[in-house]
Amino acid sequence: MNISRFVENEKRELELEFITPAFLGNANQDAELRPAPFKGMLRYWWRILYGAKYGDNIASQESKLFGSTEGASAVRLCVYQTEAIRINNEDSPFRKKGGNYQVSHAGGTFSLNILDYLAYGKYEYQREVKRNVYKNSHIEPGVKFKLRVECSKDYASEVFTSLYALVEFGGIGSRCRNGFGSLGLVSGKLDYAAELKKCAQTGKQKYSALSKESRLYQTAKSYPSWDKALAEVGLVYKDVRIGLEGSHLFNRRGLVSRPIVARGEYIPVEIRSGRRPKFVFLHVNKVSDGYVGRILTLPIYDGEEEETEAYNGVVNDFHAGLDRKLQNITDTVLGGKK
């Protein structure tokens, strides 16, 4: 018996905009607007916000909300195109954007684009043209669309707070942790800032989670275009990450994220082949006078005691580096102590 018509549901219909390019594709990796990635990222941000609340019961609660092989999802989501989806098929779309930085390797100095650094893995270097050539198309910034989310009122606060966090800090598609696929709210009601602050008051977790250890940083000024804002936080992230240890060393950087692959470098097996999700999220927000870049940190404490001590040091040094280069807006947005 279908009882869904007897359940009182709550809905939100939002008009959203891609603030940065989105590597959002179909099975062939061709750029396409699809609902499945949105539901997947909504589920992901729900775990970030509410994993600590449910503890060992998180899997059971997640299945109730988002479905499993044993039951349907309590969350329904639809994506509607409101205009033609503009697709970029250029082989090197960021060549004239973002700005370059200098890197030394094998006795020489080279100029690399910071947006290429953030989109690593989406392109191949082609010797015949002497530049990076992107393998997949992407959805252009400025594309608007509608997103409708519906769920039971029993779960509404958690679901829509998670949606708020996804829009405010996250993104959709490949390389969304590096700022690609950032979203902005054009119209619709999504005011869950107070609920978000409650989620940030939990302690250390063994997975990506918003907690007392999290920090939120923002560029000191706004920029006239998305690429300049993303380039600024991208350069800060690169400099702070590389500054954790000397050149050609990867142990501390391996605690930020794994695996690390670098041609011609010796990298310990556990770092070259291991897995550790990056605890840093880059994002671009559209504001009244342009664009600002943001960096959110979500430390993960899942190692042995010895590694946890080393990880604490890396997180503290990473935050100290961000403090020197960006505005710490943790109190304002997330609440709690910096």
# chains A, B, ... in the order shown; residues from 1 in each chain; ligands from 1

call {"tool": "residues_around", "arguments": {"residues": "Phe160 in chain A", "least_positions_apart": "2", "cutoff": "12 Å", "atoms": "only C-alpha atoms", "output": "PyMOL selection string"}}
result
chain A and resi 10-14+42-43+45-46+49+75+77+148-158+162-167+189-193+195-196

call {"tool": "write_last_selection", "arguments": {"atoms": "N, CA, C and O atoms", "output": "compact mmCIF listing (two decimals), in the first residue's frame"}}
result
# COMPACT_ATOMS: atom_id res chain seq x y z
N GLU A 10 7.29 18.67 3.17
CA GLU A 10 7.72 20.05 3.05
C GLU A 10 8.57 20.18 1.80
O GLU A 10 9.37 19.29 1.49
N LYS A 11 8.40 21.28 1.07
CA LYS A 11 9.07 21.45 -0.21
C LYS A 11 9.86 22.75 -0.23
O LYS A 11 9.51 23.71 0.44
N ARG A 12 10.90 22.74 -1.03
CA ARG A 12 11.63 23.97 -1.37
C ARG A 12 11.90 23.94 -2.86
O ARG A 12 12.38 22.95 -3.40
N GLU A 13 11.57 25.03 -3.53
CA GLU A 13 11.95 25.18 -4.94
C GLU A 13 12.85 26.39 -5.04
O GLU A 13 12.44 27.51 -4.70
N LEU A 14 14.06 26.17 -5.49
CA LEU A 14 15.08 27.20 -5.54
C LEU A 14 15.53 27.42 -6.97
O LEU A 14 15.57 26.48 -7.77
N LEU A 42 23.86 16.17 -1.55
CA LEU A 42 22.98 16.49 -0.42
C LEU A 42 23.16 15.44 0.67
O LEU A 42 23.25 15.77 1.86
N ARG A 43 23.25 14.19 0.28
CA ARG A 43 23.49 13.09 1.21
C ARG A 43 24.84 13.26 1.90
O ARG A 43 24.97 13.06 3.10
N TRP A 45 26.59 16.09 2.42
CA TRP A 45 26.58 17.19 3.38
C TRP A 45 25.72 16.88 4.59
O TRP A 45 25.98 17.38 5.70
N TRP A 46 24.70 16.04 4.43
CA TRP A 46 23.94 15.59 5.60
C TRP A 46 24.86 14.82 6.55
O TRP A 46 24.80 15.01 7.76
N LEU A 49 27.06 17.23 8.49
CA LEU A 49 26.38 18.00 9.53
C LEU A 49 25.81 17.14 10.65
O LEU A 49 25.81 17.56 11.81
N VAL A 75 13.51 11.41 0.50
CA VAL A 75 13.82 12.70 -0.11
C VAL A 75 13.64 12.59 -1.61
O VAL A 75 14.18 11.69 -2.25
N LEU A 77 13.95 14.71 -5.27
CA LEU A 77 14.68 15.86 -5.81
C LEU A 77 14.53 15.90 -7.32
O LEU A 77 14.65 14.88 -8.00
N ARG A 148 14.14 21.43 -7.04
CA ARG A 148 13.02 21.21 -6.10
C ARG A 148 13.35 20.02 -5.22
O ARG A 148 13.68 18.94 -5.71
N VAL A 149 13.25 20.24 -3.92
CA VAL A 149 13.52 19.18 -2.95
C VAL A 149 12.28 19.04 -2.07
O VAL A 149 11.74 20.03 -1.56
N GLU A 150 11.86 17.79 -1.86
CA GLU A 150 10.67 17.50 -1.04
C GLU A 150 11.00 16.36 -0.09
O GLU A 150 11.65 15.39 -0.46
N CYS A 151 10.56 16.50 1.16
CA CYS A 151 10.76 15.42 2.13
C CYS A 151 9.71 15.55 3.23
O CYS A 151 9.01 16.55 3.34
N SER A 152 9.63 14.52 4.08
CA SER A 152 8.72 14.54 5.21
C SER A 152 9.09 15.67 6.16
O SER A 152 10.27 15.99 6.32
N LYS A 153 8.10 16.27 6.78
CA LYS A 153 8.36 17.35 7.74
C LYS A 153 9.22 16.87 8.91
O LYS A 153 9.91 17.67 9.54
N ASP A 154 9.18 15.57 9.19
CA ASP A 154 9.99 15.03 10.28
C ASP A 154 11.49 15.22 10.02
O ASP A 154 12.28 15.32 10.94
N TYR A 155 11.87 15.25 8.74
CA TYR A 155 13.27 15.35 8.37
C TYR A 155 13.64 16.70 7.76
O TYR A 155 14.79 16.92 7.39
N ALA A 156 12.65 17.61 7.64
CA ALA A 156 12.85 18.83 6.86
C ALA A 156 14.02 19.67 7.34
O ALA A 156 14.82 20.16 6.54
N SER A 157 14.13 19.87 8.64
CA SER A 157 15.19 20.73 9.15
C SER A 157 16.57 20.20 8.77
O SER A 157 17.43 20.96 8.30
N GLU A 158 16.79 18.90 8.93
CA GLU A 158 18.08 18.31 8.60
C GLU A 158 18.35 18.36 7.10
O GLU A 158 19.47 18.71 6.66
N SER A 162 21.17 20.82 5.33
CA SER A 162 22.21 20.20 4.50
C SER A 162 22.25 20.84 3.12
O SER A 162 23.33 21.06 2.56
N LEU A 163 21.08 21.15 2.57
CA LEU A 163 21.03 21.83 1.27
C LEU A 163 21.63 23.22 1.37
O LEU A 163 22.36 23.66 0.48
N TYR A 164 21.36 23.91 2.47
CA TYR A 164 21.95 25.23 2.71
C TYR A 164 23.48 25.15 2.74
O TYR A 164 24.17 25.96 2.12
N ALA A 165 24.02 24.15 3.43
CA ALA A 165 25.47 23.98 3.51
C ALA A 165 26.06 23.65 2.15
O ALA A 165 27.15 24.14 1.80
N LEU A 166 25.38 22.83 1.37
CA LEU A 166 25.84 22.49 0.03
C LEU A 166 25.98 23.74 -0.83
O LEU A 166 26.98 23.93 -1.52
N VAL A 167 24.98 24.62 -0.78
CA VAL A 167 25.02 25.84 -1.58
C VAL A 167 26.04 26.82 -1.04
O VAL A 167 26.76 27.49 -1.80
N LYS A 189 13.59 30.47 -0.79
CA LYS A 189 13.88 30.59 0.64
C LYS A 189 14.76 29.45 1.10
O LYS A 189 14.43 28.28 0.94
N LEU A 190 15.91 29.81 1.70
CA LEU A 190 16.83 28.79 2.22
C LEU A 190 17.61 29.41 3.38
O LEU A 190 18.81 29.60 3.31
N ASP A 191 16.91 29.71 4.46
CA ASP A 191 17.51 30.40 5.60
C ASP A 191 17.69 29.43 6.76
O ASP A 191 16.80 29.29 7.61
N TYR A 192 18.83 28.76 6.78
CA TYR A 192 19.09 27.76 7.81
C TYR A 192 20.41 28.03 8.51
O TYR A 192 21.07 27.10 9.01
N ALA A 193 20.82 29.29 8.58
CA ALA A 193 22.09 29.64 9.20
C ALA A 193 22.11 29.27 10.68
O ALA A 193 23.13 28.79 11.20
N GLU A 195 20.43 26.87 12.24
CA GLU A 195 20.54 25.42 12.40
C GLU A 195 21.95 24.95 12.09
O GLU A 195 22.48 24.04 12.74
N LEU A 196 22.59 25.59 11.12
CA LEU A 196 23.95 25.22 10.77
C LEU A 196 24.90 25.44 11.94
O LEU A 196 25.78 24.61 12.22

call {"tool": "residues_around", "arguments": {"residues": "range 226-242 of chain A", "least_positions_apart": "5", "cutoff": "7 Å", "atoms": "only C-alpha atoms", "output": "list in words"}}
result
Ile19, Thr20, Lys97, Gly98, Gly99, Ile114, Leu115, Leu118, Gly179, Arg253, Val284, Tyr291, Val292, Gly293, Arg294, Phe318, Gly321, Leu322 and Lys325 of chain A

call {"tool": "write_last_selection", "arguments": {"atoms": "N, CA and C atoms", "output": "JSON list (two decimals), in the first residue's frame"}}
result
[["chain", "number", "residue", "atom", "x", "y", "z"],
["A", 19, "ILE", "N", 28.27, 29.30, -10.14],
["A", 19, "ILE", "CA", 29.17, 30.44, -9.96],
["A", 19, "ILE", "C", 30.51, 30.16, -10.63],
["A", 20, "THR", "N", 30.96, 28.92, -10.60],
["A", 20, "THR", "CA", 32.20, 28.52, -11.25],
["A", 20, "THR", "C", 31.91, 27.37, -12.21],
["A", 97, "LYS", "N", 42.70, 32.57, -17.88],
["A", 97, "LYS", "CA", 42.05, 32.96, -16.63],
["A", 97, "LYS", "C", 42.89, 32.54, -15.44],
["A", 98, "GLY", "N", 42.60, 33.13, -14.30],
["A", 98, "GLY", "CA", 43.16, 32.64, -13.04],
["A", 98, "GLY", "C", 44.52, 33.17, -12.70],
["A", 99, "GLY", "N", 45.41, 33.31, -13.66],
["A", 99, "GLY", "CA", 46.76, 33.77, -13.37],
["A", 99, "GLY", "C", 47.73, 32.62, -13.18],
["A", 114, "ILE", "N", 47.03, 28.51, -12.06],
["A", 114, "ILE", "CA", 46.51, 28.04, -10.78],
["A", 114, "ILE", "C", 45.20, 27.28, -10.94],
["A", 115, "LEU", "N", 44.38, 27.63, -11.94],
["A", 115, "LEU", "CA", 43.14, 26.90, -12.15],
["A", 115, "LEU", "C", 43.41, 25.50, -12.68],
["A", 118, "LEU", "N", 44.17, 23.44, -9.65],
["A", 118, "LEU", "CA", 42.97, 23.04, -8.93],
["A", 118, "LEU", "C", 42.17, 21.98, -9.69],
["A", 179, "GLY", "N", 36.69, 24.06, -5.54],
["A", 179, "GLY", "CA", 35.98, 25.28, -5.93],
["A", 179, "GLY", "C", 35.19, 25.21, -7.21],
["A", 253, "ARG", "N", 52.21, 16.75, 4.03],
["A", 253, "ARG", "CA", 51.20, 16.99, 3.00],
["A", 253, "ARG", "C", 50.31, 15.76, 2.82],
["A", 284, "VAL", "N", 33.52, 29.55, -4.15],
["A", 284, "VAL", "CA", 33.38, 30.95, -4.57],
["A", 284, "VAL", "C", 31.94, 31.37, -4.32],
["A", 291, "TYR", "N", 32.72, 38.84, -6.34],
["A", 291, "TYR", "CA", 32.89, 37.46, -5.91],
["A", 291, "TYR", "C", 33.95, 37.39, -4.80],
["A", 292, "VAL", "N", 33.71, 36.50, -3.82],
["A", 292, "VAL", "CA", 34.71, 36.25, -2.78],
["A", 292, "VAL", "C", 35.04, 34.77, -2.78],
["A", 293, "GLY", "N", 36.28, 34.46, -2.42],
["A", 293, "GLY", "CA", 36.70, 33.08, -2.28],
["A", 293, "GLY", "C", 36.66, 32.66, -0.83],
["A", 294, "ARG", "N", 36.32, 31.39, -0.59],
["A", 294, "ARG", "CA", 36.26, 30.87, 0.77],
["A", 294, "ARG", "C", 37.01, 29.55, 0.88],
["A", 318, "PHE", "N", 48.18, 24.39, 9.36],
["A", 318, "PHE", "CA", 47.38, 24.77, 8.19],
["A", 318, "PHE", "C", 46.49, 25.97, 8.54],
["A", 321, "GLY", "N", 48.54, 29.11, 8.80],
["A", 321, "GLY", "CA", 48.87, 29.64, 7.48],
["A", 321, "GLY", "C", 47.70, 30.38, 6.85],
["A", 322, "LEU", "N", 46.50, 29.84, 7.00],
["A", 322, "LEU", "CA", 45.32, 30.52, 6.48],
["A", 322, "LEU", "C", 45.04, 31.81, 7.24],
["A", 325, "LYS", "N", 46.83, 34.74, 5.77],
["A", 325, "LYS", "CA", 46.55, 35.14, 4.40],
["A", 325, "LYS", "C", 45.10, 35.51, 4.12]]

call {"tool": "atom_distance", "arguments": {"atom1": "CA of Ile85 in chain A", "atom2": "CA of Gly171 in chain A"}}
result
17.3 Å

call {"tool": "residues_around", "arguments": {"residues": "Asn316 in chain A", "least_positions_apart": "4", "cutoff": "12 Å", "atoms": "only C-alpha atoms", "output": "list in words"}}
result
Glu213, Ser214, Arg215, Val240, Leu244, Arg252, Val256, Thr297, Pro299, Glu309, Ala310, Tyr311, Asn312, Ala320, Gly321, Leu322, Asp323 and Lys338 of chain A

call {"tool": "select_by_dssp", "arguments": {"residues": "range 117-196 of chain A", "states": "alpha helix (DSSP H)", "output": "PDB file with N, CA and C atoms, in the first residue's frame"}}
result
ATOM      1  N   TYR A 117      46.031  23.838 -11.726  1.00  0.00           N
ATOM      2  CA  TYR A 117      46.449  23.170 -10.486  1.00  0.00           C
ATOM      3  C   TYR A 117      45.224  22.636  -9.742  1.00  0.00           C
ATOM      4  N   LEU A 118      44.175  23.444  -9.655  1.00  0.00           N
ATOM      5  CA  LEU A 118      42.968  23.039  -8.929  1.00  0.00           C
ATOM      6  C   LEU A 118      42.166  21.985  -9.693  1.00  0.00           C
ATOM      7  N   ALA A 156      12.653  17.608   7.642  1.00  0.00           N
ATOM      8  CA  ALA A 156      12.846  18.827   6.858  1.00  0.00           C
ATOM      9  C   ALA A 156      14.019  19.672   7.341  1.00  0.00           C
ATOM     10  N   SER A 157      14.129  19.865   8.642  1.00  0.00           N
ATOM     11  CA  SER A 157      15.193  20.731   9.155  1.00  0.00           C
ATOM     12  C   SER A 157      16.567  20.205   8.768  1.00  0.00           C
ATOM     13  N   GLU A 158      16.785  18.896   8.927  1.00  0.00           N
ATOM     14  CA  GLU A 158      18.082  18.311   8.597  1.00  0.00           C
ATOM     15  C   GLU A 158      18.354  18.364   7.097  1.00  0.00           C
ATOM     16  N   VAL A 159      17.357  18.035   6.300  1.00  0.00           N
ATOM     17  CA  VAL A 159      17.549  17.996   4.844  1.00  0.00           C
ATOM     18  C   VAL A 159      17.832  19.392   4.290  1.00  0.00           C
ATOM     19  N   PHE A 160      17.060  20.387   4.725  1.00  0.00           N
ATOM     20  CA  PHE A 160      17.223  21.719   4.150  1.00  0.00           C
ATOM     21  C   PHE A 160      18.424  22.461   4.743  1.00  0.00           C
ATOM     22  N   THR A 161      18.830  22.114   5.961  1.00  0.00           N
ATOM     23  CA  THR A 161      20.090  22.659   6.481  1.00  0.00           C
ATOM     24  C   THR A 161      21.263  22.090   5.691  1.00  0.00           C
ATOM     25  N   SER A 162      21.169  20.820   5.327  1.00  0.00           N
ATOM     26  CA  SER A 162      22.206  20.202   4.504  1.00  0.00           C
ATOM     27  C   SER A 162      22.250  20.840   3.123  1.00  0.00           C
ATOM     28  N   LEU A 163      21.083  21.146   2.567  1.00  0.00           N
ATOM     29  CA  LEU A 163      21.029  21.827   1.275  1.00  0.00           C
ATOM     30  C   LEU A 163      21.629  23.223   1.375  1.00  0.00           C
ATOM     31  N   TYR A 164      21.364  23.908   2.469  1.00  0.00           N
ATOM     32  CA  TYR A 164      21.948  25.228   2.710  1.00  0.00           C
ATOM     33  C   TYR A 164      23.478  25.147   2.742  1.00  0.00           C
ATOM     34  N   ALA A 165      24.017  24.147   3.429  1.00  0.00           N
ATOM     35  CA  ALA A 165      25.472  23.981   3.512  1.00  0.00           C
ATOM     36  C   ALA A 165      26.063  23.651   2.147  1.00  0.00           C
ATOM     37  N   LEU A 166      25.376  22.827   1.374  1.00  0.00           N
ATOM     38  CA  LEU A 166      25.841  22.492   0.034  1.00  0.00           C
ATOM     39  C   LEU A 166      25.976  23.738  -0.829  1.00  0.00           C
ATOM     40  N   VAL A 167      24.982  24.618  -0.779  1.00  0.00           N
ATOM     41  CA  VAL A 167      25.018  25.839  -1.585  1.00  0.00           C
ATOM     42  C   VAL A 167      26.045  26.821  -1.042  1.00  0.00           C
ATOM     43  N   GLU A 168      26.153  26.914   0.278  1.00  0.00           N
ATOM     44  CA  GLU A 168      27.005  27.914   0.915  1.00  0.00           C
ATOM     45  C   GLU A 168      28.489  27.561   0.856  1.00  0.00           C
ATOM     46  N   PHE A 169      28.827  26.273   0.948  1.00  0.00           N
ATOM     47  CA  PHE A 169      30.233  25.875   1.073  1.00  0.00           C
ATOM     48  C   PHE A 169      30.690  24.857   0.032  1.00  0.00           C
ATOM     49  N   ALA A 193      20.817  29.288   8.576  1.00  0.00           N
ATOM     50  CA  ALA A 193      22.095  29.643   9.198  1.00  0.00           C
ATOM     51  C   ALA A 193      22.113  29.272  10.677  1.00  0.00           C
ATOM     52  N   ALA A 194      21.001  29.493  11.384  1.00  0.00           N
ATOM     53  CA  ALA A 194      20.957  29.188  12.821  1.00  0.00           C
ATOM     54  C   ALA A 194      21.097  27.687  13.071  1.00  0.00           C
ATOM     55  N   GLU A 195      20.431  26.870  12.242  1.00  0.00           N
ATOM     56  CA  GLU A 195      20.536  25.424  12.398  1.00  0.00           C
ATOM     57  C   GLU A 195      21.954  24.948  12.090  1.00  0.00           C
ATOM     58  N   LEU A 196      22.587  25.586  11.120  1.00  0.00           N
ATOM     59  CA  LEU A 196      23.954  25.219  10.767  1.00  0.00           C
ATOM     60  C   LEU A 196      24.904  25.441  11.938  1.00  0.00           C
TER      61      LEU A 196
END

call {"tool": "residues_around", "arguments": {"residues": "range 246-250 of chain A", "least_positions_apart": "6", "cutoff": "12 Å", "atoms": "only C-alpha atoms", "output": "ChimeraX atom specification"}}
result
/A:103-106,239-240,256-272

call {"tool": "residues_around", "arguments": {"residues": "Gln81 in chain A", "least_positions_apart": "6", "cutoff": "10 Å", "atoms": "only C-alpha atoms", "output": "ChimeraX atom specification"}}
result
/A:15,33-34,143-147

call {"tool": "select_by_dssp", "arguments": {"residues": "range 77-182 of chain A", "states": "strand (DSSP E or B)", "output": "number ranges by chain"}}
result
A: 77-81, 87-88, 100-105, 108-113, 123-126, 131-134, 138-139, 144-152, 171, 174, 178, 182

call {"tool": "residues_around", "arguments": {"residues": "Ser211 in chain A", "least_positions_apart": "4", "cutoff": "6 Å", "atoms": "only C-alpha atoms", "output": "JSON, numbers by chain"}}
result
{"A": [200, 201, 202, 203]}

call {"tool": "atom_distance", "arguments": {"atom1": "CA of Asn57 in chain A", "atom2": "CA of Tyr301 in chain A"}}
result
19.0 Å

call {"tool": "decode", "arguments": {"residues": "range 213-247 of chain A", "atoms": "N, CA and C atoms", "output": "short mmCIF file (atom, residue, chain, number, x, y, z; two decimals), in the first residue's frame"}}
result
data_model
loop_
_atom_site.label_atom_id
_atom_site.label_comp_id
_atom_site.auth_asym_id
_atom_site.auth_seq_id
_atom_site.Cartn_x
_atom_site.Cartn_y
_atom_site.Cartn_z
N GLU A 213 36.42 21.96 15.53
CA GLU A 213 37.75 22.03 14.91
C GLU A 213 37.71 22.71 13.55
N SER A 214 36.51 22.94 12.99
CA SER A 214 36.39 23.53 11.66
C SER A 214 36.69 25.02 11.69
N ARG A 215 37.18 25.53 10.57
CA ARG A 215 37.42 26.95 10.41
C ARG A 215 36.92 27.38 9.04
N LEU A 216 36.45 28.63 8.96
CA LEU A 216 35.99 29.19 7.69
C LEU A 216 36.72 30.49 7.42
N TYR A 217 37.32 30.58 6.24
CA TYR A 217 38.11 31.75 5.85
C TYR A 217 37.54 32.35 4.57
N GLN A 218 37.78 33.65 4.40
CA GLN A 218 37.29 34.36 3.23
C GLN A 218 38.32 35.39 2.77
N THR A 219 38.34 35.66 1.48
CA THR A 219 39.24 36.67 0.96
C THR A 219 38.90 38.02 1.56
N ALA A 220 39.93 38.86 1.75
CA ALA A 220 39.74 40.16 2.41
C ALA A 220 38.98 41.14 1.53
N LYS A 221 38.91 40.88 0.25
CA LYS A 221 38.19 41.77 -0.66
C LYS A 221 37.42 40.94 -1.67
N SER A 222 36.51 41.59 -2.39
CA SER A 222 35.79 40.92 -3.46
C SER A 222 36.53 41.15 -4.78
N TYR A 223 36.23 40.30 -5.76
CA TYR A 223 36.89 40.35 -7.06
C TYR A 223 35.84 40.50 -8.16
N PRO A 224 36.24 41.06 -9.30
CA PRO A 224 35.25 41.32 -10.36
C PRO A 224 34.79 40.08 -11.10
N SER A 225 35.49 38.95 -10.96
CA SER A 225 35.12 37.74 -11.68
C SER A 225 35.40 36.51 -10.82
N TRP A 226 34.70 35.42 -11.13
CA TRP A 226 34.83 34.19 -10.36
C TRP A 226 36.25 33.65 -10.40
N ASP A 227 36.91 33.76 -11.57
CA ASP A 227 38.23 33.15 -11.71
C ASP A 227 39.26 33.83 -10.83
N LYS A 228 39.14 35.15 -10.64
CA LYS A 228 40.10 35.85 -9.79
C LYS A 228 39.88 35.48 -8.32
N ALA A 229 38.63 35.29 -7.92
CA ALA A 229 38.36 34.88 -6.53
C ALA A 229 38.85 33.46 -6.28
N LEU A 230 38.59 32.55 -7.23
CA LEU A 230 39.03 31.17 -7.07
C LEU A 230 40.55 31.09 -7.14
N ALA A 231 41.15 31.89 -8.01
CA ALA A 231 42.62 31.89 -8.10
C ALA A 231 43.25 32.33 -6.79
N GLU A 232 42.64 33.32 -6.13
CA GLU A 232 43.21 33.83 -4.88
C GLU A 232 43.22 32.75 -3.80
N VAL A 233 42.08 32.09 -3.57
CA VAL A 233 42.07 31.05 -2.54
C VAL A 233 42.84 29.81 -2.99
N GLY A 234 42.90 29.59 -4.32
CA GLY A 234 43.69 28.49 -4.82
C GLY A 234 45.17 28.68 -4.54
N LEU A 235 45.66 29.89 -4.75
CA LEU A 235 47.07 30.19 -4.46
C LEU A 235 47.36 30.09 -2.97
N VAL A 236 46.41 30.57 -2.16
CA VAL A 236 46.59 30.47 -0.70
C VAL A 236 46.65 29.00 -0.29
N TYR A 237 45.72 28.21 -0.77
CA TYR A 237 45.71 26.78 -0.44
C TYR A 237 47.02 26.11 -0.86
N LYS A 238 47.47 26.38 -2.09
CA LYS A 238 48.71 25.78 -2.59
C LYS A 238 49.90 26.18 -1.71
N ASP A 239 50.00 27.48 -1.42
CA ASP A 239 51.15 27.96 -0.65
C ASP A 239 51.16 27.39 0.77
N VAL A 240 50.00 27.35 1.42
CA VAL A 240 49.94 26.83 2.78
C VAL A 240 50.23 25.33 2.80
N ARG A 241 49.68 24.61 1.85
CA ARG A 241 49.90 23.16 1.78
C ARG A 241 51.36 22.83 1.54
N ILE A 242 51.96 23.48 0.55
CA ILE A 242 53.37 23.21 0.25
C ILE A 242 54.27 23.71 1.37
N GLY A 243 53.85 24.77 2.07
CA GLY A 243 54.64 25.33 3.15
C GLY A 243 54.66 24.49 4.41
N LEU A 244 53.91 23.39 4.44
CA LEU A 244 53.90 22.52 5.61
C LEU A 244 55.24 21.83 5.83
N GLU A 245 56.02 21.66 4.75
CA GLU A 245 57.32 21.01 4.86
C GLU A 245 58.18 21.43 3.67
N GLY A 246 59.44 21.04 3.68
CA GLY A 246 60.37 21.44 2.64
C GLY A 246 60.05 20.81 1.29
N SER A 247 60.72 21.30 0.26
CA SER A 247 60.54 20.77 -1.08
C SER A 247 60.88 19.28 -1.12
#
